[in-house]
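Data block for data-v4.tsv (TSV, C-alpha atoms and all ligand atoms):
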chain	number	residue	atom	x	y	z
R	1	MET	CA	-6.53	-6.90	31.12
R	2	ILE	CA	-6.74	-6.67	27.30
R	3	HIS	CA	-9.20	-9.03	25.61
R	4	VAL	CA	-9.44	-8.97	21.85
R	5	THR	CA	-11.67	-11.49	20.08
R	6	ASN	CA	-12.11	-11.85	16.32
R	7	LEU	CA	-11.39	-8.21	15.81
R	8	GLU	CA	-11.87	-6.84	12.30
R	9	LYS	CA	-11.47	-3.44	10.76
R	10	GLU	CA	-12.44	-2.55	7.24
R	11	TYR	CA	-11.63	0.81	5.72
R	12	LEU	CA	-13.70	2.21	2.91
R	13	LEU	CA	-11.53	3.76	0.25
R	14	VAL	CA	-12.84	6.02	-2.46
R	15	LYS	CA	-12.05	4.43	-5.81
R	16	ARG	CA	-10.95	7.03	-8.32
R	17	ASP	CA	-10.05	6.87	-11.97
R	18	PRO	CA	-6.66	8.41	-12.71
R	19	GLY	CA	-6.23	12.03	-13.73
R	20	LEU	CA	-8.23	15.21	-13.29
R	21	ARG	CA	-11.22	13.76	-15.06
R	22	GLY	CA	-11.27	10.84	-12.64
R	23	ALA	CA	-11.10	13.21	-9.66
R	24	PHE	CA	-13.97	15.26	-11.05
R	25	LYS	CA	-16.05	12.17	-11.81
R	26	SER	CA	-15.57	10.80	-8.30
R	27	LEU	CA	-17.05	14.01	-6.87
R	28	PHE	CA	-20.45	13.07	-8.31
R	29	ASN	CA	-20.30	9.35	-8.63
R	30	ARG	CA	-18.42	7.92	-5.68
R	31	LYS	CA	-17.31	4.29	-5.83
R	32	TYR	CA	-15.91	2.64	-2.78
R	33	GLU	CA	-13.48	-0.17	-2.28
R	34	LYS	CA	-13.11	-2.15	0.96
R	35	LYS	CA	-9.73	-2.69	2.57
R	36	THR	CA	-9.59	-5.11	5.50
R	37	ALA	CA	-6.69	-3.92	7.65
R	38	VAL	CA	-7.32	-6.26	10.62
R	39	LYS	CA	-8.84	-9.70	10.02
R	40	GLY	CA	-10.10	-11.81	12.90
R	41	VAL	CA	-7.41	-10.90	15.41
R	42	SER	CA	-7.67	-12.46	18.89
R	43	PHE	CA	-5.32	-12.18	21.86
R	44	HIS	CA	-5.42	-11.77	25.61
R	45	ILE	CA	-2.89	-9.81	27.58
R	46	GLN	CA	-2.63	-10.24	31.35
R	47	ARG	CA	-2.20	-7.37	33.79
R	48	GLY	CA	1.46	-6.39	34.02
R	49	GLU	CA	2.57	-8.11	30.82
R	50	MET	CA	4.83	-6.28	28.36
R	51	VAL	CA	4.04	-7.46	24.86
R	52	GLY	CA	5.67	-6.53	21.56
R	53	TYR	CA	3.20	-6.09	18.69
R	54	ILE	CA	5.26	-6.35	15.57
R	55	GLY	CA	4.91	-6.66	11.84
R	56	SER	CA	6.01	-5.02	8.64
R	57	ASN	CA	4.66	-1.69	7.33
R	58	GLY	CA	0.93	-1.83	6.73
R	59	ALA	CA	0.50	-5.08	8.70
R	60	GLY	CA	-2.32	-3.66	10.82
R	61	LYS	CA	-0.54	-2.67	14.04
R	62	SER	CA	-1.67	0.95	14.27
R	63	THR	CA	-5.22	0.01	13.28
R	64	THR	CA	-5.35	-2.51	16.16
R	65	ILE	CA	-3.93	0.01	18.63
R	66	LYS	CA	-6.40	2.66	17.48
R	67	MET	CA	-9.23	0.21	18.25
R	68	LEU	CA	-7.73	-0.51	21.67
R	69	THR	CA	-7.50	3.18	22.49
R	70	GLY	CA	-11.06	3.84	21.31
R	71	ILE	CA	-10.03	6.11	18.40
R	72	LEU	CA	-11.48	3.64	15.89
R	73	THR	CA	-14.63	1.53	16.08
R	74	PRO	CA	-14.13	-2.09	15.00
R	75	SER	CA	-16.10	-3.36	12.00
R	76	SER	CA	-16.75	-6.53	14.00
R	77	GLY	CA	-15.39	-8.53	16.92
R	78	GLU	CA	-14.85	-7.62	20.54
R	79	VAL	CA	-12.35	-5.53	22.40
R	80	LYS	CA	-12.24	-4.95	26.14
R	81	VAL	CA	-9.55	-3.20	28.13
R	82	ASN	CA	-9.81	-3.72	31.86
R	83	GLY	CA	-13.52	-4.44	31.45
R	84	ILE	CA	-14.11	-1.29	29.36
R	85	ILE	CA	-15.19	-1.26	25.71
R	86	PRO	CA	-12.89	1.48	24.42
R	87	TYR	CA	-14.92	2.83	21.49
R	88	LYS	CA	-18.13	2.92	23.56
R	89	GLN	CA	-16.65	4.25	26.81
R	90	ARG	CA	-14.01	6.55	25.40
R	91	LYS	CA	-13.71	8.81	28.47
R	92	GLU	CA	-13.41	5.96	30.97
R	93	ASN	CA	-10.92	4.25	28.72
R	94	ALA	CA	-8.84	7.40	28.24
R	95	LYS	CA	-8.42	7.69	32.02
R	96	GLN	CA	-6.92	4.24	32.37
R	97	ILE	CA	-4.53	4.33	29.43
R	98	GLY	CA	-1.43	6.21	28.40
R	99	ALA	CA	-0.04	6.40	24.90
R	100	VAL	CA	2.93	7.49	22.87
R	101	PHE	CA	2.31	7.67	19.13
R	102	GLY	CA	5.67	8.03	17.41
R	103	GLN	CA	5.98	11.50	16.02
R	104	ARG	CA	2.72	12.91	17.37
R	105	THR	CA	2.69	14.84	20.62
R	106	GLN	CA	0.22	14.85	23.47
R	107	LEU	CA	2.02	17.79	25.03
R	108	PHE	CA	1.04	21.36	24.34
R	109	TRP	CA	3.28	22.75	21.64
R	110	ASP	CA	3.74	26.35	22.76
R	111	ILE	CA	3.83	26.20	26.52
R	112	PRO	CA	6.65	25.03	28.79
R	113	VAL	CA	6.71	21.29	29.46
R	114	ARG	CA	6.02	21.81	33.17
R	115	GLU	CA	2.71	23.52	32.34
R	116	SER	CA	1.74	20.69	30.00
R	117	PHE	CA	2.21	18.29	32.91
R	118	ASP	CA	0.11	20.57	35.15
R	119	LEU	CA	-2.67	20.44	32.55
R	120	LEU	CA	-2.44	16.65	32.31
R	121	LYS	CA	-2.71	16.51	36.10
R	122	GLU	CA	-6.01	18.40	35.89
R	123	ILE	CA	-7.31	16.38	32.91
R	124	TYR	CA	-6.58	13.05	34.60
R	125	GLU	CA	-7.51	14.37	38.06
R	126	VAL	CA	-4.25	13.18	39.59
R	127	PRO	CA	-4.12	13.91	43.35
R	128	GLU	CA	-1.57	16.63	44.21
R	129	GLU	CA	0.64	14.45	46.39
R	130	GLN	CA	0.75	11.59	43.89
R	131	PHE	CA	1.51	14.03	41.06
R	132	ASN	CA	4.42	15.63	42.93
R	133	GLU	CA	5.84	12.26	43.84
R	134	THR	CA	5.55	11.00	40.24
R	135	MET	CA	7.06	14.19	38.80
R	136	GLU	CA	10.00	13.92	41.18
R	137	LEU	CA	10.58	10.32	40.12
R	138	PHE	CA	10.31	11.05	36.39
R	139	THR	CA	12.49	14.14	36.59
R	140	ASP	CA	15.14	12.01	38.18
R	141	VAL	CA	14.92	8.90	35.95
R	142	LEU	CA	14.38	10.72	32.64
R	143	GLN	CA	16.52	13.74	33.57
R	144	LEU	CA	13.76	16.20	32.80
R	145	ASP	CA	15.03	18.98	35.08
R	146	ALA	CA	16.54	21.16	32.39
R	147	LEU	CA	13.60	20.58	30.02
R	148	LEU	CA	10.66	21.56	32.20
R	149	GLY	CA	10.89	25.29	31.47
R	150	ILE	CA	11.14	24.91	27.68
R	151	PRO	CA	8.19	24.84	25.24
R	152	VAL	CA	7.84	21.50	23.45
R	153	ARG	CA	8.47	23.01	20.02
R	154	GLN	CA	11.99	23.95	21.09
R	155	LEU	CA	12.94	20.44	22.27
R	156	SER	CA	15.07	18.01	20.29
R	157	LEU	CA	13.46	14.71	19.26
R	158	GLY	CA	15.13	12.79	22.11
R	159	GLN	CA	14.21	15.44	24.71
R	160	LYS	CA	10.64	15.52	23.44
R	161	MET	CA	10.34	11.74	23.55
R	162	ARG	CA	11.51	11.67	27.20
R	163	CYS	CA	8.75	14.18	28.01
R	164	GLU	CA	6.19	12.18	25.99
R	165	LEU	CA	7.03	9.05	27.96
R	166	ALA	CA	6.61	10.91	31.23
R	167	ALA	CA	3.26	12.28	30.00
R	168	ALA	CA	2.06	8.78	29.09
R	169	PHE	CA	2.78	7.48	32.60
R	170	ILE	CA	1.97	10.61	34.66
R	171	HIS	CA	-1.46	9.40	35.81
R	172	ARG	CA	-0.16	5.87	36.54
R	173	PRO	CA	-2.39	4.27	33.91
R	174	GLU	CA	-3.28	0.58	33.87
R	175	VAL	CA	-2.19	0.18	30.23
R	176	VAL	CA	0.31	2.05	28.11
R	177	TYR	CA	0.43	1.81	24.30
R	178	LEU	CA	3.75	2.71	22.82
R	179	ASP	CA	3.95	3.11	19.06
R	180	GLU	CA	7.60	3.47	17.96
R	181	PRO	CA	8.76	5.19	21.17
R	182	THR	CA	12.45	5.10	20.19
R	183	ILE	CA	12.25	5.94	16.49
R	184	GLY	CA	15.04	8.26	15.35
R	185	LEU	CA	16.70	8.46	18.76
R	186	ASP	CA	20.36	7.99	19.58
R	187	VAL	CA	21.49	4.95	21.52
R	188	ALA	CA	21.87	6.75	24.85
R	189	VAL	CA	18.27	8.02	24.81
R	190	LYS	CA	16.99	4.62	23.65
R	191	VAL	CA	18.69	3.00	26.64
R	192	LYS	CA	17.13	5.55	28.99
R	193	ILE	CA	13.65	5.06	27.54
R	194	ARG	CA	13.79	1.26	27.62
R	195	LYS	CA	14.93	1.33	31.24
R	196	PHE	CA	12.16	3.77	32.16
R	197	ILE	CA	9.49	1.49	30.66
R	198	ARG	CA	10.87	-1.54	32.51
R	199	ASP	CA	11.07	0.41	35.78
R	200	MET	CA	7.48	1.67	35.54
R	201	ASN	CA	6.23	-1.82	34.76
R	202	GLU	CA	8.06	-3.15	37.80
R	203	LYS	CA	6.94	-0.34	40.09
R	204	TRP	CA	3.27	-0.08	39.14
R	205	GLY	CA	2.61	-3.30	37.22
R	206	THR	CA	1.68	-1.27	34.12
R	207	THR	CA	0.60	-3.40	31.17
R	208	VAL	CA	2.56	-2.37	28.07
R	209	LEU	CA	1.80	-2.98	24.41
R	210	LEU	CA	4.76	-1.94	22.33
R	211	THR	CA	4.88	-1.46	18.58
R	212	THR	CA	8.32	-1.04	17.14
R	213	HIS	CA	10.54	-1.85	14.21
R	214	ASP	CA	13.55	-1.76	16.56
R	215	MET	CA	14.16	-5.32	17.63
R	216	GLN	CA	16.46	-4.22	20.42
R	217	ASP	CA	13.41	-2.53	22.01
R	218	ILE	CA	11.60	-5.86	21.89
R	219	GLU	CA	14.51	-7.85	23.26
R	220	GLU	CA	15.03	-5.46	26.15
R	221	ILE	CA	11.40	-4.86	27.10
R	222	CYS	CA	9.14	-7.75	26.07
R	223	SER	CA	9.01	-11.38	27.02
R	224	ARG	CA	6.10	-12.05	24.67
R	225	ILE	CA	5.57	-11.04	21.05
R	226	ILE	CA	2.58	-11.01	18.76
R	227	ILE	CA	3.50	-10.94	15.09
R	228	ILE	CA	0.88	-9.62	12.69
R	229	ASP	CA	1.04	-9.84	8.92
R	230	GLN	CA	-1.58	-8.59	6.46
R	231	GLY	CA	-4.07	-8.18	9.27
R	232	THR	CA	-3.79	-11.68	10.74
R	233	ILE	CA	-1.71	-13.02	13.59
R	234	LEU	CA	1.24	-15.15	12.58
R	235	TYR	CA	2.64	-15.84	16.03
R	236	ASP	CA	1.70	-15.17	19.62
R	237	GLY	CA	4.03	-16.48	22.28
R	238	GLY	CA	7.28	-16.13	24.19
R	239	LEU	CA	10.19	-14.30	22.65
R	240	ASN	CA	12.54	-16.97	23.96
R	241	GLU	CA	10.40	-19.80	22.58
R	242	ILE	CA	10.52	-18.38	19.11
R	243	LYS	CA	14.23	-17.74	19.40
R	244	GLU	CA	14.75	-21.34	20.49
R	245	ARG	CA	12.55	-22.61	17.71
R	246	PHE	CA	14.77	-20.86	15.24
R	247	SER	CA	17.98	-21.35	17.14
R	248	ALA	CA	18.72	-23.96	14.54
R	249	LYS	CA	20.45	-21.01	12.88
R	250	ARG	CA	23.44	-20.06	14.99
R	251	GLU	CA	26.62	-18.30	14.07
R	252	VAL	CA	30.16	-18.29	15.37
R	253	HIS	CA	32.13	-15.15	14.54
R	254	PHE	CA	35.88	-15.88	14.30
R	255	GLU	CA	38.29	-12.97	14.22
R	256	LEU	CA	41.32	-13.64	12.07
R	257	ASP	CA	44.62	-11.94	11.86
R	258	GLN	CA	44.62	-9.78	8.72
R	259	MET	CA	47.24	-11.95	7.10
R	260	GLN	CA	45.56	-15.26	7.81
R	261	PRO	CA	43.34	-16.87	5.21
R	262	PHE	CA	40.37	-18.88	6.48
R	263	ALA	CA	39.46	-22.40	5.50
R	264	LEU	CA	36.38	-24.33	6.57
R	265	PRO	CA	37.63	-27.72	7.84
R	266	GLU	CA	36.52	-30.82	5.93
R	267	PRO	CA	34.24	-32.27	8.69
R	268	LEU	CA	32.17	-29.07	8.63
R	269	ARG	CA	31.76	-28.77	4.87
R	270	HIS	CA	28.29	-30.36	4.76
R	271	LEU	CA	27.15	-28.99	8.08
R	272	ALA	CA	28.02	-25.32	7.99
R	273	ASP	CA	28.24	-22.30	5.69
R	274	TRP	CA	30.71	-19.49	6.03
R	275	ARG	CA	31.27	-15.96	4.82
R	276	LEU	CA	34.00	-13.40	5.25
R	277	GLU	CA	33.53	-9.90	6.64
R	278	GLU	CA	36.48	-7.71	5.81
R	279	GLY	CA	37.58	-4.91	8.13
R	280	GLU	CA	40.51	-2.49	8.25
R	281	SER	CA	42.66	-4.32	10.74
R	282	MET	CA	40.77	-7.56	11.13
R	283	ASN	CA	38.86	-10.00	9.02
R	284	LYS	CA	35.96	-11.92	10.43
R	285	ALA	CA	34.89	-15.37	9.28
R	286	ILE	CA	31.26	-16.05	10.16
R	287	VAL	CA	30.33	-19.71	10.29
R	288	SER	CA	26.61	-20.51	10.42
R	289	PHE	CA	25.23	-23.90	11.27
R	290	SER	CA	22.17	-25.75	12.53
R	291	ASN	CA	22.16	-26.44	16.22
R	292	ASP	CA	20.34	-29.72	15.72
R	293	GLN	CA	23.04	-30.97	13.33
R	294	ILE	CA	26.19	-29.93	15.13
R	295	LYS	CA	27.07	-28.33	18.45
R	296	GLY	CA	28.68	-24.89	18.62
R	297	SER	CA	31.57	-26.30	20.65
R	298	ASP	CA	32.33	-28.85	17.88
R	299	VAL	CA	32.28	-26.11	15.23
R	300	ILE	CA	34.74	-24.09	17.31
R	301	ALA	CA	37.00	-27.08	17.98
R	302	GLU	CA	37.19	-27.98	14.28
R	303	VAL	CA	37.87	-24.42	13.16
R	304	LEU	CA	40.58	-23.91	15.78
R	305	LYS	CA	42.41	-27.03	14.58
R	306	GLU	CA	43.05	-25.51	11.16
R	307	ASN	CA	42.92	-21.74	11.54
R	308	LYS	CA	44.71	-19.03	13.47
R	309	ILE	CA	42.00	-17.24	15.43
R	310	THR	CA	42.48	-14.14	17.60
R	311	ASP	CA	39.00	-14.02	19.10
R	312	LEU	CA	35.54	-15.56	18.73
R	313	SER	CA	31.94	-15.13	19.81
R	314	ILE	CA	28.74	-17.17	19.43
R	315	GLN	CA	25.73	-15.23	18.20
R	316	ASP	CA	22.13	-16.23	18.74
R	317	PRO	CA	19.80	-15.63	15.84
R	318	LYS	CA	18.56	-12.06	15.63
R	319	ILE	CA	14.82	-11.62	15.98
R	320	GLU	CA	14.70	-9.67	12.67
R	321	THR	CA	16.10	-12.72	10.90
R	322	ILE	CA	13.55	-14.94	12.60
R	323	ILE	CA	10.64	-12.72	11.63
R	324	GLU	CA	11.87	-12.54	8.06
R	325	GLU	CA	11.95	-16.35	7.99
R	326	ILE	CA	8.44	-16.61	9.41
R	327	TYR	CA	7.23	-14.17	6.75
R	328	ASN	CA	8.94	-16.16	4.03
R	329	GLN	CA	8.35	-19.73	5.16
R	330	GLY	CA	5.70	-19.67	7.88
R	331	LEU	CA	6.10	-21.32	11.28
S	401	LIG	N1	-7.48	5.64	7.39
S	401	LIG	C1	-7.23	4.67	6.53
S	401	LIG	N2	-7.98	4.52	5.42
S	401	LIG	C2	-7.75	3.52	4.56
S	401	LIG	N3	-6.81	2.57	4.72
S	401	LIG	C3	-6.03	2.67	5.80
S	401	LIG	C4	-6.21	3.70	6.77
S	401	LIG	N4	-5.29	3.52	7.77
S	401	LIG	C5	-4.58	2.43	7.43
S	401	LIG	N5	-5.01	1.91	6.26
S	401	LIG	C6	-4.51	0.69	5.58
S	401	LIG	O1	-4.67	-0.41	6.47
S	401	LIG	C7	-3.52	-1.25	6.44
S	401	LIG	C8	-2.94	-1.37	7.84
S	401	LIG	O2	-2.42	-0.12	8.21
S	401	LIG	P1	-1.78	0.17	9.65
S	401	LIG	O3	-1.50	1.64	9.73
S	401	LIG	O4	-2.63	-0.43	10.69
S	401	LIG	O5	-0.41	-0.65	9.53
S	401	LIG	P2	0.86	-0.68	10.51
S	401	LIG	O6	1.14	-2.11	10.77
S	401	LIG	O7	0.63	0.20	11.68
S	401	LIG	O8	1.99	-0.08	9.57
S	401	LIG	P3	3.27	0.84	9.91
S	401	LIG	O9	4.32	-0.05	10.51
S	401	LIG	O10	3.67	1.33	8.56
S	401	LIG	O11	2.81	1.94	10.82
S	401	LIG	C9	-2.59	-0.66	5.41
S	401	LIG	O12	-2.76	-1.32	4.19
S	401	LIG	C10	-3.03	0.79	5.30
S	401	LIG	O13	-2.79	1.29	4.01

Could you render the structure from this file as structure tokens?
Ligand SMILES: Nc1ncnc2c1ncn2[C@@H]1O[C@H](COP(=O)(O)OP(=O)(O)OP(=O)(O)O)[C@@H](O)[C@H]1O
Amino acid sequence: MIHVTNLEKEYLLVKRDPGLRGAFKSLFNRKYEKKTAVKGVSFHIQRGEMVGYIGSNGAGKSTTIKMLTGILTPSSGEVKVNGIIPYKQRKENAKQIGAVFGQRTQLFWDIPVRESFDLLKEIYEVPEEQFNETMELFTDVLQLDALLGIPVRQLSLGQKMRCELAAAFIHRPEVVYLDEPTIGLDVAVKVKIRKFIRDMNEKWGTTVLLTTHDMQDIEEICSRIIIIDQGTILYDGGLNEIKERFSAKREVHFELDQMQPFALPEPLRHLADWRLEEGESMNKAIVSFSNDQIKGSDVIAEVLKENKITDLSIQDPKIETIIEEIYNQGL
């Protein structure tokens, strides 16, 4: 569905000396500097896959997505979405994709949401019956009923984002690009949005490329991640595989009675680290260890022998921690 081969994008930046004099000079004698935002990126995404495209600020995510949507022309390399070259066939590409770009809206600011959807229906030439059926479904799943009569500018961020999501899927596109679809939203709306994306993927087999800094989005939506750093791909593979690869780092969280001190038993001293998290009524001792050196059950057994524990839980490594480690140490 999405084929990207050796994709590159260079931006030309105007080089300017500091100060007013520099600004004035650059008006007449422009010097340019090249900035390669995407360097030789290749990946293939199958129809119906939901892939997380992640990386730190400035890694090159938005630049890639802009090339996939046809907004930007690549400096070199190839990009094809469902057989279409986006920057050459912008209209055809626009018909088969949907997009949510964080804070920007594709809805019409001053008119009621319902009328924005009616306009999108005309733009995408959605058949009447299909449109009504889709609207009914979205109204139900995203609880849009009360919002349809309100102009977008009067909606809260969460309400607006629910409408944006509906607008991205209204014409049942083949591919949807989601750039930070849950940014700034409360947990309840995030849950609703993640479920909606999963449901649409299941119902229509929509291919989804998701950019987010919220790792919970990734964990709940994607089974594959592509990690980009400084314009090049660091990792492309299963979310579970990478978690397993790094599952060397596991943690057991032991809840202690406030009055009880914690001691790491002797057999664990060279195999595990621990730290204390202090709370109002409860302290928590967090013991971290390498799965390939000792089993979680042995850690628990040893700790229970010497400490009074009220509760415990085993935590898998968080994907943020994993990504930070890949950034720092490589794969
Ligand atoms: N229009 C532009 N002109 C010049 N440089 C740009 C332009 N857009 C982006 N860049 C630069 O290209 C690099 C990649 O930017 P990009 O927006 O693709 O990153 P990103 O991964 O989407 O970051 P973020 O998570 O902050 O949105 C950055 O160094 C950025 O400063």

Let me see if you get this right: every residue at most 9 Å from ligand LIG 401 (chain S), counting only C-alpha atoms and all ligand atoms, written as an mmCIF file with C-alpha atoms, in the coordinates of the input.
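Contents of out24.cif, as written:
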data_model
loop_
_atom_site.group_PDB
_atom_site.id
_atom_site.type_symbol
_atom_site.label_atom_id
_atom_site.label_comp_id
_atom_site.auth_asym_id
_atom_site.auth_seq_id
_atom_site.Cartn_x
_atom_site.Cartn_y
_atom_site.Cartn_z
ATOM 1 C CA LYS R 9 -11.470 -3.440 10.760
ATOM 2 C CA GLU R 10 -12.440 -2.550 7.240
ATOM 3 C CA TYR R 11 -11.630 0.810 5.720
ATOM 4 C CA LEU R 12 -13.700 2.210 2.910
ATOM 5 C CA LEU R 13 -11.530 3.760 0.250
ATOM 6 C CA LYS R 34 -13.110 -2.150 0.960
ATOM 7 C CA LYS R 35 -9.730 -2.690 2.570
ATOM 8 C CA THR R 36 -9.590 -5.110 5.500
ATOM 9 C CA ALA R 37 -6.690 -3.920 7.650
ATOM 10 C CA VAL R 38 -7.320 -6.260 10.620
ATOM 11 C CA ILE R 54 5.260 -6.350 15.570
ATOM 12 C CA GLY R 55 4.910 -6.660 11.840
ATOM 13 C CA SER R 56 6.010 -5.020 8.640
ATOM 14 C CA ASN R 57 4.660 -1.690 7.330
ATOM 15 C CA GLY R 58 0.930 -1.830 6.730
ATOM 16 C CA ALA R 59 0.500 -5.080 8.700
ATOM 17 C CA GLY R 60 -2.320 -3.660 10.820
ATOM 18 C CA LYS R 61 -0.540 -2.670 14.040
ATOM 19 C CA SER R 62 -1.670 0.950 14.270
ATOM 20 C CA THR R 63 -5.220 0.010 13.280
ATOM 21 C CA THR R 64 -5.350 -2.510 16.160
ATOM 22 C CA ILE R 65 -3.930 0.010 18.630
ATOM 23 C CA LYS R 66 -6.400 2.660 17.480
ATOM 24 C CA ASP R 179 3.950 3.110 19.060
ATOM 25 C CA GLU R 180 7.600 3.470 17.960
ATOM 26 C CA THR R 211 4.880 -1.460 18.580
ATOM 27 C CA THR R 212 8.320 -1.040 17.140
ATOM 28 C CA HIS R 213 10.540 -1.850 14.210
ATOM 29 C CA ILE R 228 0.880 -9.620 12.690
ATOM 30 C CA ASP R 229 1.040 -9.840 8.920
ATOM 31 C CA GLN R 230 -1.580 -8.590 6.460
ATOM 32 C CA GLY R 231 -4.070 -8.180 9.270
#

TODO: Do a neighbour search on R:Gly296 at 9 Å with all atoms listed in the file, toss out local chain neighbours closer than 4 positions, and write the hits as a PyMOL selection string.
DONE: chain R and resi 250-252+289-291+300-301+314

Task: Distance criterion (all atoms listed in the file): nearest to R:Met215 out of R:Tyr53, R:Tyr124, R:Phe169, R:Phe196 - done: R:Tyr53

- [ ] Tell me which of R:Ala167, R:Ile183, R:Val113, R:Ile233 sits closest to R:Ile150, counting only C-alpha atoms.
- [x] R:Val113

TODO: Calculate how many Å separate atom CA of R:Tyr327 from atom CA of R:Gly40, rounding to one decimal.
DONE: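 Straight-line distance from atom CA of R:Tyr327 to atom CA of R:Gly40 works out to 18.5 Å.
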
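Between atom CA of R:Ile71 and atom CA of R:Pro86 lies a distance of 8.1 Å.
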
Task: Residue contacts of R:Arg47 (8 Å, only C-alpha atoms) excluding same-chain residues fewer than 3 positions away, as a ChimeraX atom specification - done: /R:1-2,205-207

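Residue nearest R:Ile197 within the list R:Lys95, R:Arg153, R:Lys249, R:Arg162: R:Arg162 [criterion: smallest interatomic distance, only C-alpha atoms].
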
TODO: Take atom CA of R:Phe117 and atom CA of R:Met161 and report the distance between them in Å, one decimal.
DONE: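 Between atom CA of R:Phe117 and atom CA of R:Met161 the gap works out to 14.0 Å.
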
TODO: Identify which of the residues R:Arg198, R:Gln106, R:Phe101, R:Glu129 lies closest to R:Val141, counting all atoms listed in the file when measuring atom-to-atom distances.
DONE: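 Comparing R:Arg198, R:Gln106, R:Phe101, R:Glu129 against R:Val141, the winner is R:Arg198.
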
- [ ] Using only C-alpha atoms, pick whichever of R:Ile170, R:Leu256, R:Ile45, R:Leu165 has the shortest atom-to-atom distance to R:Arg224.
- [x]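 Distance minimum relative to R:Arg224 lands on R:Ile45.
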
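By chain and then residue number, the residues within 8 Å of stretch 156-159 of chain R are Leu147, Gly184, Leu185, Asp186 and Val189 of chain R, counting all atoms listed in the file and disregarding those fewer than 5 positions away in sequence.
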
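Residue neighbourhood of R:Glu220, excluding near-sequence residues (fewer than 5 positions): Met50, Val51, Gly52, Lys190, Val191, Lys192, Ile193, Arg194, Lys195, Phe196, Ile197, Arg198, Asp199, Leu210, Asp214, Met215, Leu239, Asn240 and Ile319 of chain R, at 12 Å, using all atoms listed in the file.
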
- [ ] Kindly indicate which residue among R:Gly83, R:Gly48, R:Pro267, R:Gly19 lies nearest to R:Val4, using all atoms listed in the file for the distances.
- [x]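 Between R:Gly83, R:Gly48, R:Pro267, R:Gly19, the residue approaching R:Val4 most closely is R:Gly83.
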
Grab all the atoms of stretch 89-92 of chain R that the file lists, wrap them in a box along x, y and z, add 3 Å per side, and give me centre plus edge lengths in Å (one decimal) as AutoDock Vina command-line options.
--center_x -15.0 --center_y 6.5 --center_z 28.2 --size_x 9.2 --size_y 10.6 --size_z 11.6

- [ ] Tell me which protein, DNA and RNA residues are within 12 Å of R:Asn93, counting all atoms listed in the file, leaving out same-chain ones fewer than 5 positions away, and put them as a PyMOL selection string.
- [x] chain R and resi 2+67-71+79-88+98-99+124+173-176

Kindly reconstruct stretch 197-209 of chain R with N, CA and C atoms and present the result as a CSV table (one decimal), in the frame of the given file.
chain,number,residue,atom,x,y,z
R,197,ILE,N,10.7,2.3,30.9
R,197,ILE,CA,9.5,1.5,30.7
R,197,ILE,C,9.6,0.3,31.6
R,198,ARG,N,10.7,-0.4,31.6
R,198,ARG,CA,10.9,-1.5,32.5
R,198,ARG,C,10.6,-1.2,34.0
R,199,ASP,N,11.2,0.0,34.4
R,199,ASP,CA,11.1,0.4,35.8
R,199,ASP,C,9.6,0.7,36.1
R,200,MET,N,8.9,1.3,35.2
R,200,MET,CA,7.5,1.7,35.5
R,200,MET,C,6.6,0.4,35.6
R,201,ASN,N,6.9,-0.5,34.7
R,201,ASN,CA,6.2,-1.8,34.8
R,201,ASN,C,6.5,-2.5,36.1
R,202,GLU,N,7.7,-2.5,36.6
R,202,GLU,CA,8.1,-3.2,37.8
R,202,GLU,C,7.4,-2.5,39.0
R,203,LYS,N,7.4,-1.1,39.0
R,203,LYS,CA,6.9,-0.3,40.1
R,203,LYS,C,5.4,-0.4,40.2
R,204,TRP,N,4.7,-0.2,39.1
R,204,TRP,CA,3.3,-0.1,39.1
R,204,TRP,C,2.5,-1.2,38.5
R,205,GLY,N,3.3,-2.2,37.9
R,205,GLY,CA,2.6,-3.3,37.2
R,205,GLY,C,1.9,-2.9,36.0
R,206,THR,N,2.3,-1.8,35.3
R,206,THR,CA,1.7,-1.3,34.1
R,206,THR,C,1.8,-2.3,33.0
R,207,THR,N,0.6,-2.5,32.3
R,207,THR,CA,0.6,-3.4,31.2
R,207,THR,C,1.1,-2.6,30.0
R,208,VAL,N,2.0,-3.1,29.2
R,208,VAL,CA,2.6,-2.4,28.1
R,208,VAL,C,2.4,-3.1,26.8
R,209,LEU,N,1.8,-2.4,25.8
R,209,LEU,CA,1.8,-3.0,24.4
R,209,LEU,C,2.7,-2.1,23.5
